Amino acid sequence: MKPIHLAALLIIALYVVAGPRLLPTTSDWRTELLHDLGNDKPTTPTLNFLQAWARAEGSSPECHNPLNTTRNVGNYTVINSHGVKCYETANEGRQATVETLRLSYPGYPELLAGLTNNDVSLAMDGLASS
């Protein structure tokens, strides 16, 4: 994941509060990611937070890497100078994202706790600190 700038954080905050209420489906990457992180009952604001973050990252859906992680998992192609990966499968991309979010980089513990506990404010604080 690359650094998120203040303008992107503001867009994410506005999207969480006022964005469309996207209902999860059984194949929704957000619900699958949150499940893998330990959140089996995500709230709409948590889902919107992930959707807004993915939009701010600008990843292509074909890369199975909505949060633009650089983790080496499975089969991938490096797609930019930051080392962001394009994974062959959704499972590889999700595994890489889970591994990344569980790292102890600045802000990541708060980000992870916010996502697993449906605390978007804490997740936002973690993302801003990362």
# chains A, B, ... in the order shown; residues from 1 in each chain; ligands from 1

call {"tool": "residues_around", "arguments": {"residues": "A:Gly83", "least_positions_apart": "2", "cutoff": "9 Å", "atoms": "only C-alpha atoms", "output": "list of chain:residue names"}}
result
A:Thr69, A:Thr70, A:Arg71, A:Val78, A:Ile79, A:Asn80, A:Ser81, A:Lys85

call {"tool": "closest_residue", "arguments": {"among": "A:Leu115, A:Val84, A:Leu50, A:Val120", "to": "A:Arg102", "atoms": "only C-alpha atoms"}}
result
A:Leu115

call {"tool": "closest_residue", "arguments": {"among": "A:Ser60, A:Asn72, A:Asn48, A:Ser129", "to": "A:Thr97", "atoms": "only C-alpha atoms"}}
result
A:Asn72

call {"tool": "atom_distance", "arguments": {"atom1": "atom CA of A:Arg55", "atom2": "atom CA of A:Ala90"}}
result
17.2 Å

call {"tool": "residues_around", "arguments": {"residues": "A:Tyr76", "least_positions_apart": "3", "cutoff": "7 Å", "atoms": "only C-alpha atoms", "output": "list in words"}}
result
Lys85, Cys86, Tyr87 and Glu88 of chain A

call {"tool": "write_last_selection", "arguments": {"atoms": "N, CA and C atoms", "output": "short mmCIF file (atom, residue, chain, number, x, y, z; two decimals), in the first residue's frame"}}
result
data_model
loop_
_atom_site.label_atom_id
_atom_site.label_comp_id
_atom_site.auth_asym_id
_atom_site.auth_seq_id
_atom_site.Cartn_x
_atom_site.Cartn_y
_atom_site.Cartn_z
N LYS A 85 1.51 -5.09 -6.56
CA LYS A 85 1.36 -6.34 -7.29
C LYS A 85 0.00 -6.46 -7.97
N CYS A 86 0.01 -7.20 -9.06
CA CYS A 86 -1.22 -7.63 -9.74
C CYS A 86 -1.24 -9.15 -9.56
N TYR A 87 -2.18 -9.65 -8.76
CA TYR A 87 -2.26 -11.07 -8.43
C TYR A 87 -3.13 -11.81 -9.43
N GLU A 88 -2.82 -13.09 -9.62
CA GLU A 88 -3.58 -13.89 -10.57
C GLU A 88 -4.97 -14.25 -10.06
#

call {"tool": "atom_distance", "arguments": {"atom1": "atom CA of A:Leu37", "atom2": "atom CA of A:Pro109"}}
result
12.0 Å

call {"tool": "atom_distance", "arguments": {"atom1": "atom CA of A:Asn91", "atom2": "atom CA of A:Ser59"}}
result
16.1 Å

call {"tool": "residues_around", "arguments": {"residues": "A:Lys41", "least_positions_apart": "3", "cutoff": "12 Å", "atoms": "only C-alpha atoms", "output": "list in words"}}
result
Pro24, Arg30, Thr31, Glu32, Leu33, Leu34, His35, Asp36, Leu37, Gly38, Thr44, Pro45, Thr46, Leu47, Leu115, Thr116, Asn117 and Asn118 of chain A

call {"tool": "residues_around", "arguments": {"residues": "A:Ala123", "least_positions_apart": "2", "cutoff": "8 Å", "atoms": "only C-alpha atoms", "output": "list of chain:residue names"}}
result
A:Glu110, A:Leu111, A:Leu112, A:Ala113, A:Gly114, A:Leu115, A:Asp119, A:Val120, A:Ser121, A:Asp125, A:Gly126, A:Leu127

call {"tool": "select_by_dssp", "arguments": {"residues": "stretch 7-118 of chain A", "states": "strand (DSSP E or B)", "output": "ChimeraX atom specification"}}
result
/A:76-78,85-87

call {"tool": "select_by_dssp", "arguments": {"residues": "stretch 34-74 of chain A", "states": "alpha helix (DSSP H)", "output": "list in words"}}
result
Leu34, His35, Asp36, Leu37, Thr44, Pro45, Thr46, Leu47, Asn48, Phe49, Leu50, Gln51, Ala52, Trp53, Ala54, Arg55, Ala56 and Glu57 of chain A

call {"tool": "write_last_selection", "arguments": {"atoms": "C-alpha atoms", "output": "PDB file, in the first residue's frame"}}
result
ATOM      1  CA  LEU A  34     -13.171  -8.634   6.713  1.00  0.00           C
ATOM      2  CA  HIS A  35     -14.064 -12.283   7.374  1.00  0.00           C
ATOM      3  CA  ASP A  36     -10.394 -13.248   6.956  1.00  0.00           C
ATOM      4  CA  LEU A  37      -9.480 -10.479   9.402  1.00  0.00           C
ATOM      5  CA  THR A  44     -22.247  -0.496   6.236  1.00  0.00           C
ATOM      6  CA  PRO A  45     -19.784   2.228   7.322  1.00  0.00           C
ATOM      7  CA  THR A  46     -16.973  -0.368   7.507  1.00  0.00           C
ATOM      8  CA  LEU A  47     -17.833  -1.646   4.024  1.00  0.00           C
ATOM      9  CA  ASN A  48     -18.000   1.927   2.719  1.00  0.00           C
ATOM     10  CA  PHE A  49     -14.630   2.702   4.316  1.00  0.00           C
ATOM     11  CA  LEU A  50     -12.999  -0.183   2.438  1.00  0.00           C
ATOM     12  CA  GLN A  51     -14.719   0.785  -0.819  1.00  0.00           C
ATOM     13  CA  ALA A  52     -13.591   4.401  -0.497  1.00  0.00           C
ATOM     14  CA  TRP A  53     -10.055   3.362   0.375  1.00  0.00           C
ATOM     15  CA  ALA A  54      -9.941   1.095  -2.674  1.00  0.00           C
ATOM     16  CA  ARG A  55     -11.166   3.946  -4.877  1.00  0.00           C
ATOM     17  CA  ALA A  56      -8.488   6.237  -3.456  1.00  0.00           C
ATOM     18  CA  GLU A  57      -5.834   3.603  -4.237  1.00  0.00           C
TER      19      GLU A  57
END

call {"tool": "closest_residue", "arguments": {"among": "A:Met124, A:Trp29, A:His64, A:Ser130", "to": "A:Tyr105", "atoms": "only C-alpha atoms"}}
result
A:Ser130
